[in-house]
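Presented below is the structure to which this report refers.
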Amino acid sequence: MNLLDNLNPEQLAAVTLPNQSALILAGAGSGKTRVLTTRIAWLLQTGQVSPAGIMAVTFTNKAAKEMLTRLSSMLPVNTRGMWIGTFHGLCNRLLRTHHRDAALPQTFQILDSQDQLSMIKRMLKALNVDDEKYPAKDLMYFINNAKDQGMRASSVEAFDQVQRRMVELYDLYDQQCQREGVVDFAELLLRSYELLQRNHPLRQHYQMRFRHILVDEFQDTNDLQYNLLKLLAGHGEGRGGAMFAVGDDDQSIYAFRGANVGNMQAFERDFEVKNLIKLEQNYRSHGHILDSANFLIANNAKRLGKNLRTDAGQGEPVRIYEASSDLEEAQWIIDESKSLMGEGMRRSEIAILYRSNAQSRVIEHALFAAGLPYTVYGGLRYFQRAEVKHAIAYLQLMDNPHNDSAFLRVVNFPTRGIGARSIEQLQMAAESHGVSLYAAVPHIGGKAGGSLANFVKLIEGARFETQQLPLPEMVRVVLERSTLLAHYEKEKEGQERIENLQQMVGAATQFVQEEGFGAHSPAHLGPPSQAAAGEGVVYVDGIELIEADAPLATVMSPLSAFLAHASLEAGDAQAQAGQDAMQLMTVHSAKGLEFDAVFITGLEEGLFPHESSSRELDGVDEERRLMYVAITRARRRLYMSFTQQRMLHGQTRFNVKSRFFEELPEESLKWLTPRVQTKWFGGRKSTTAWDDADFREGGSDNQIAKQITQRSSNANGTGWRIGESVSHARFGEGVIVNIEGGAGSARAQINFGAAGMKVLDLSIAKLERVGT
DNA sequence: TGCTGAGATATTTTT
DNA sequence: TATCTCAGCA
């Protein structure tokens, strides 16, 4: 079958573009990944480029893997020669290859965010920095932010005393990392950028090599990433390959971590992009769902402009439900889901989305009580589990003993009588000799020195013993010799931890196979000396280069590679053993996924859009894009819900419904609860769906009803009720949050959403009940 | 050395 | 409300 079969005209145009830079605006569900991979396959198949001339960058390992899988199903091609991976993965590879030029040890290790934070804490403590004034988290944010913008401490401008100090600390942090031979995530990119910028022949080499650079999710790139791409694409130097950027400005939801949508426009401008192709044909959702998405996102001002269309027909309308409380919202979700399942929908095809993780609890409780299996996305990943990190730390020390973070993590774990005082002594010795903790051990005498020396012996011994062993065997030995296994066997809750530790042997086996290391090659063995390797080595202007289609084994030992893998790919969160379960997740983590039915919950002012978004410039626009992402996850059924009251952080909050409802096309919506409703007040009357349920005696809803009653009935003789929707001539629609004072002189606190929170005198203010 | 209780603190997240 | 972190204690 031909590669180009079944592509629509726009997709076809994108796939077969000439060798020039191009921007592909790919809407949700428009076949973005397909275009990207088919483009690569087409370039290869038509002989326009060899595998080594391809570089494809993604943000997540999952996306990279997906690309590789699809590609190898299209073409019988050796994917090893291509550079396909995440920004961080590819930079790791670059830095290993050129570690000398990058001034790094070949066995440099990668700090994940946890490691980075603890390293900063340690440094602040050692320097006696006031942690009230300079919280470790703030400093970490400051450092990462600077790095993401390509700035070293020396080029950061400081405008006050605090910032000046932060800059100093940034510099000290970098020095410490250098001493230990570790790099953080942002450093991987910054180092690579600086290396290429500084080293002309090297840069030229890669510019000539990568004829085609393809970038996925371009709207999520930060400034440093964009500059790195510019460098590789030879922008402004008259050479280099073509950049093929795929992105969707409407799905830019990561500004908070430095992503800059502006890079899309910048790319158009900088590269004088003549090929802008919009993929607007959606293959995922029914019409009413797409109409809702299009209507909503049209409220954003700064857009490149795009409108999704579908051939699938209008389908079902979007169903909207107003619940009386978060508890009742959860109950409604369960009822609806059950009826969907009754129609034959699989549980795993139903997703429940929320803006923030805190919202999942109530839903989980209800699902659990109803006996419905569910999976919550985003928990602790495999390589982030404490016991696994401990084992990794032992391996790290064997590969690079100067990694102080690893040293401190396990020097006394499992306990071996090395207390805080010994560590303090050691830290002082290390400081005064300007060496790592490991190297400072011989300077410590006495009993403390003895235990420390024993620890060093343990590491050295393990290294010696495993010298000739392949990686999985080495892991096995380390688990034993570190006494980690023995330690957890003694613990009562240790069984799961032991299983996780033992899984590491399997993880190592799999890794060695997948990365093409010889199954029996010793884990410690560094890359063959480059001259001896012969094959794969090229010289450019007298500089020795390893051709990057040489296997990974040429640039790092199995052990170093495995450790990098553990930091760069945290591993999946524990998967629910293949069970067909409903999917719970934040809207952010739903990006890139799709489901037959989607519930978007908690659509209330303050929650979604989130209250903190109004403080940021264009914050609400980003929330709207988030909503856009949420809507476009649904194939056939879309539900939205909001509640009158919700328990959050131990407090009951009364919220107005989200402004986003006003931005949806009325004809695509179906209000399950009356749009304009008469509400219960004063003790009796009720016409809405929920209060019938609330005050029903007995029945399965009784417990919930009771709680609702406790929370919402607030007889106070004013004729008004907390939680009631009202309307005011000037402030618009609002919800009563609180009522103070008696019948004659009562004042009500009312949340008018966008118009803010007001306190109004009930005898003066002209309030109208929303509805009749 | 590990436990306990006070206190803070609570968008979103991948690498 | 629930979870995490840190200081102080047996």
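Just so we're on the same page: first chain in the structure tokens is A, next is B, and so on; residues restart at 1 for each chain, and ligands are numbered from 1 in the order they show up.
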For DT3 (chain C), work out the shell of residues within 12 Å, counting only C-alpha atoms (C1' of nucleotides) and skipping chain neighbours fewer than 6 positions away, then give it as a list in words.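 Final neighbour list, sorted by chain and number: Ala358 and His649 of chain A; DA8, DT9 and DA10 of chain B.
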Print the selection's residues with all heavy atoms to a file, as a PDB file, in the first residue's frame.
```pdb
ATOM      1  N   ALA A 358      -7.241  17.929  43.498  1.00  0.00           N
ATOM      2  CA  ALA A 358      -8.011  17.873  44.731  1.00  0.00           C
ATOM      3  C   ALA A 358      -9.455  17.453  44.480  1.00  0.00           C
ATOM      4  O   ALA A 358     -10.123  16.928  45.364  1.00  0.00           O
ATOM      5  CB  ALA A 358      -7.977  19.233  45.426  1.00  0.00           C
ATOM      6  N   HIS A 649     -10.516  22.326  50.482  1.00  0.00           N
ATOM      7  CA  HIS A 649      -9.583  22.675  51.557  1.00  0.00           C
ATOM      8  C   HIS A 649     -10.321  22.852  52.866  1.00  0.00           C
ATOM      9  O   HIS A 649     -10.046  23.776  53.627  1.00  0.00           O
ATOM     10  CB  HIS A 649      -8.805  23.953  51.247  1.00  0.00           C
ATOM     11  CG  HIS A 649      -8.122  23.903  49.935  1.00  0.00           C
ATOM     12  ND1 HIS A 649      -7.512  22.761  49.466  1.00  0.00           N
ATOM     13  CD2 HIS A 649      -7.948  24.826  48.985  1.00  0.00           C
ATOM     14  CE1 HIS A 649      -7.000  23.010  48.278  1.00  0.00           C
ATOM     15  NE2 HIS A 649      -7.247  24.255  47.963  1.00  0.00           N
TER      16      HIS A 649
ATOM     17  P    DA B   8       1.961  28.208  60.785  1.00  0.00           P
ATOM     18  OP1  DA B   8       2.581  29.371  61.410  1.00  0.00           O
ATOM     19  OP2  DA B   8       0.507  28.057  60.879  1.00  0.00           O
ATOM     20  O5'  DA B   8       2.434  28.147  59.260  1.00  0.00           O
ATOM     21  C5'  DA B   8       3.671  27.517  58.883  1.00  0.00           C
ATOM     22  C4'  DA B   8       3.466  26.754  57.599  1.00  0.00           C
ATOM     23  O4'  DA B   8       2.833  25.507  57.893  1.00  0.00           O
ATOM     24  C3'  DA B   8       2.613  27.480  56.595  1.00  0.00           C
ATOM     25  O3'  DA B   8       3.339  27.835  55.455  1.00  0.00           O
ATOM     26  C2'  DA B   8       1.417  26.569  56.315  1.00  0.00           C
ATOM     27  C1'  DA B   8       1.882  25.209  56.855  1.00  0.00           C
ATOM     28  N9   DA B   8       0.834  24.393  57.417  1.00  0.00           N
ATOM     29  C8   DA B   8      -0.010  24.690  58.447  1.00  0.00           C
ATOM     30  N7   DA B   8      -0.851  23.735  58.749  1.00  0.00           N
ATOM     31  C5   DA B   8      -0.546  22.732  57.843  1.00  0.00           C
ATOM     32  C6   DA B   8      -1.081  21.440  57.629  1.00  0.00           C
ATOM     33  N6   DA B   8      -2.075  20.926  58.343  1.00  0.00           N
ATOM     34  N1   DA B   8      -0.538  20.701  56.634  1.00  0.00           N
ATOM     35  C2   DA B   8       0.444  21.212  55.915  1.00  0.00           C
ATOM     36  N3   DA B   8       1.028  22.392  56.026  1.00  0.00           N
ATOM     37  C4   DA B   8       0.476  23.127  57.020  1.00  0.00           C
ATOM     38  P    DT B   9       3.791  27.871  54.314  1.00  0.00           P
ATOM     39  OP1  DT B   9       4.946  26.994  54.456  1.00  0.00           O
ATOM     40  OP2  DT B   9       3.944  29.173  53.714  1.00  0.00           O
ATOM     41  O5'  DT B   9       2.686  27.097  53.456  1.00  0.00           O
ATOM     42  C5'  DT B   9       3.078  25.837  52.882  1.00  0.00           C
ATOM     43  C4'  DT B   9       1.903  25.217  52.181  1.00  0.00           C
ATOM     44  O4'  DT B   9       1.044  24.499  53.099  1.00  0.00           O
ATOM     45  C3'  DT B   9       0.998  26.256  51.505  1.00  0.00           C
ATOM     46  O3'  DT B   9       0.722  25.782  50.216  1.00  0.00           O
ATOM     47  C2'  DT B   9      -0.269  26.223  52.337  1.00  0.00           C
ATOM     48  C1'  DT B   9      -0.282  24.747  52.688  1.00  0.00           C
ATOM     49  N1   DT B   9      -1.199  24.364  53.779  1.00  0.00           N
ATOM     50  C2   DT B   9      -1.670  23.066  53.800  1.00  0.00           C
ATOM     51  O2   DT B   9      -1.354  22.247  52.977  1.00  0.00           O
ATOM     52  N3   DT B   9      -2.518  22.790  54.836  1.00  0.00           N
ATOM     53  C4   DT B   9      -2.950  23.661  55.833  1.00  0.00           C
ATOM     54  O4   DT B   9      -3.709  23.294  56.702  1.00  0.00           O
ATOM     55  C5   DT B   9      -2.417  24.992  55.738  1.00  0.00           C
ATOM     56  C7   DT B   9      -2.806  26.007  56.748  1.00  0.00           C
ATOM     57  C6   DT B   9      -1.582  25.280  54.729  1.00  0.00           C
ATOM     58  P    DA B  10       0.639  26.748  48.986  1.00  0.00           P
ATOM     59  OP1  DA B  10       1.998  27.048  48.559  1.00  0.00           O
ATOM     60  OP2  DA B  10      -0.317  27.816  49.322  1.00  0.00           O
ATOM     61  O5'  DA B  10      -0.028  25.832  47.881  1.00  0.00           O
ATOM     62  C5'  DA B  10       0.257  24.420  47.892  1.00  0.00           C
ATOM     63  C4'  DA B  10      -1.029  23.675  47.651  1.00  0.00           C
ATOM     64  O4'  DA B  10      -1.543  23.205  48.913  1.00  0.00           O
ATOM     65  C3'  DA B  10      -2.164  24.532  47.111  1.00  0.00           C
ATOM     66  O3'  DA B  10      -2.085  24.589  45.701  1.00  0.00           O
ATOM     67  C2'  DA B  10      -3.388  23.746  47.517  1.00  0.00           C
ATOM     68  C1'  DA B  10      -2.937  23.057  48.783  1.00  0.00           C
ATOM     69  N9   DA B  10      -3.535  23.605  50.010  1.00  0.00           N
ATOM     70  C8   DA B  10      -3.469  24.886  50.497  1.00  0.00           C
ATOM     71  N7   DA B  10      -4.095  25.054  51.635  1.00  0.00           N
ATOM     72  C5   DA B  10      -4.622  23.793  51.902  1.00  0.00           C
ATOM     73  C6   DA B  10      -5.400  23.277  52.965  1.00  0.00           C
ATOM     74  N6   DA B  10      -5.807  24.016  54.008  1.00  0.00           N
ATOM     75  N1   DA B  10      -5.758  21.979  52.912  1.00  0.00           N
ATOM     76  C2   DA B  10      -5.358  21.235  51.877  1.00  0.00           C
ATOM     77  N3   DA B  10      -4.620  21.595  50.844  1.00  0.00           N
ATOM     78  C4   DA B  10      -4.290  22.905  50.912  1.00  0.00           C
TER      79       DA B  10
END
```
Set the distance at 12 Å and use only C-alpha atoms (C1' of nucleotides): which residues neighbour DG5 (chain B) once local chain neighbours fewer than 6 positions away are removed? I'd like the list as a ChimeraX atom specification. /C:5-9
Shell of 10 Å around region 514-520 of chain A, only C-alpha atoms (C1' of nucleotides), local chain residues under 3 positions omitted, as a PyMOL selection string: chain A and resi 80+468-473+508-511+523+551-554+557-558+561-562
Show me, as a ChimeraX atom specification, every residue of chain B with an atom at most 10 Å from chain A, counting only C-alpha atoms (C1' of nucleotides). /B:1,9-15
What separation in Å, quoted to one decimal, exists between CA of Ser348 (chain A) and CA of Gln579 (chain A)? 8.7 Å
I'd like the neighbourhood of region 322-336 of chain A as a list in words, where a residue qualifies if any of its atoms comes within 7 Å (using only C-alpha atoms (C1' of nucleotides)), though same-chain residues fewer than 5 positions away should be ignored. Val362, Ile363, Ala366, Leu367, Ser641, Phe642, Thr643, Gln644, Gln645, Arg646, Thr673, Trp690 and Ile704 of chain A
How far is it from CA of Met474 (chain A) to CA of Gln513 (chain A), in Å with one decimal?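 Separation between CA of Met474 (chain A) and CA of Gln513 (chain A): 15.3 Å.
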Quick one: everything within 9 Å of Asn19 (chain A), counting only C-alpha atoms (C1' of nucleotides), minus sequence neighbours fewer than 6 positions away in the same chain. Send it as a VMD selection string. chain A and resid 48 211 to 212 241 to 243
Can I get the selection written as a PDB file, in the first residue's frame, with N, CA and C atoms?
```
ATOM      1  N   GLN A  48      15.058  11.158  -0.369  1.00  0.00           N
ATOM      2  CA  GLN A  48      15.479  12.549  -0.176  1.00  0.00           C
ATOM      3  C   GLN A  48      16.456  12.698   0.976  1.00  0.00           C
ATOM      4  N   ARG A 211      19.332  17.100   7.811  1.00  0.00           N
ATOM      5  CA  ARG A 211      18.691  17.806   6.693  1.00  0.00           C
ATOM      6  C   ARG A 211      17.238  18.127   7.028  1.00  0.00           C
ATOM      7  N   HIS A 212      16.684  17.327   7.914  1.00  0.00           N
ATOM      8  CA  HIS A 212      15.271  17.539   8.262  1.00  0.00           C
ATOM      9  C   HIS A 212      15.081  17.468   9.766  1.00  0.00           C
ATOM     10  N   GLY A 241      19.384  22.262   7.833  1.00  0.00           N
ATOM     11  CA  GLY A 241      18.244  21.622   7.208  1.00  0.00           C
ATOM     12  C   GLY A 241      16.964  22.406   7.360  1.00  0.00           C
ATOM     13  N   ALA A 242      15.910  21.794   6.925  1.00  0.00           N
ATOM     14  CA  ALA A 242      14.598  22.415   6.994  1.00  0.00           C
ATOM     15  C   ALA A 242      13.906  22.014   8.282  1.00  0.00           C
ATOM     16  N   MET A 243      13.201  22.966   8.842  1.00  0.00           N
ATOM     17  CA  MET A 243      12.472  22.665  10.070  1.00  0.00           C
ATOM     18  C   MET A 243      10.992  22.504   9.743  1.00  0.00           C
TER      19      MET A 243
END
```
Give me, as JSON, numbers by chain, all polymer residues having an atom no more than 8 Å from Arg635 (chain A), counting only C-alpha atoms (C1' of nucleotides) and skipping those fewer than 2 positions away in the same chain. {"A": [284, 285, 286, 289, 594, 595, 596, 597, 632, 633, 637, 638]}
Per DSSP on the backbone, what are the strand (DSSP E) residues of region 52-294 of chain A, as a ChimeraX atom specification? /A:54-58,83-86,109-110,182-183,212-215,242-247,275-279
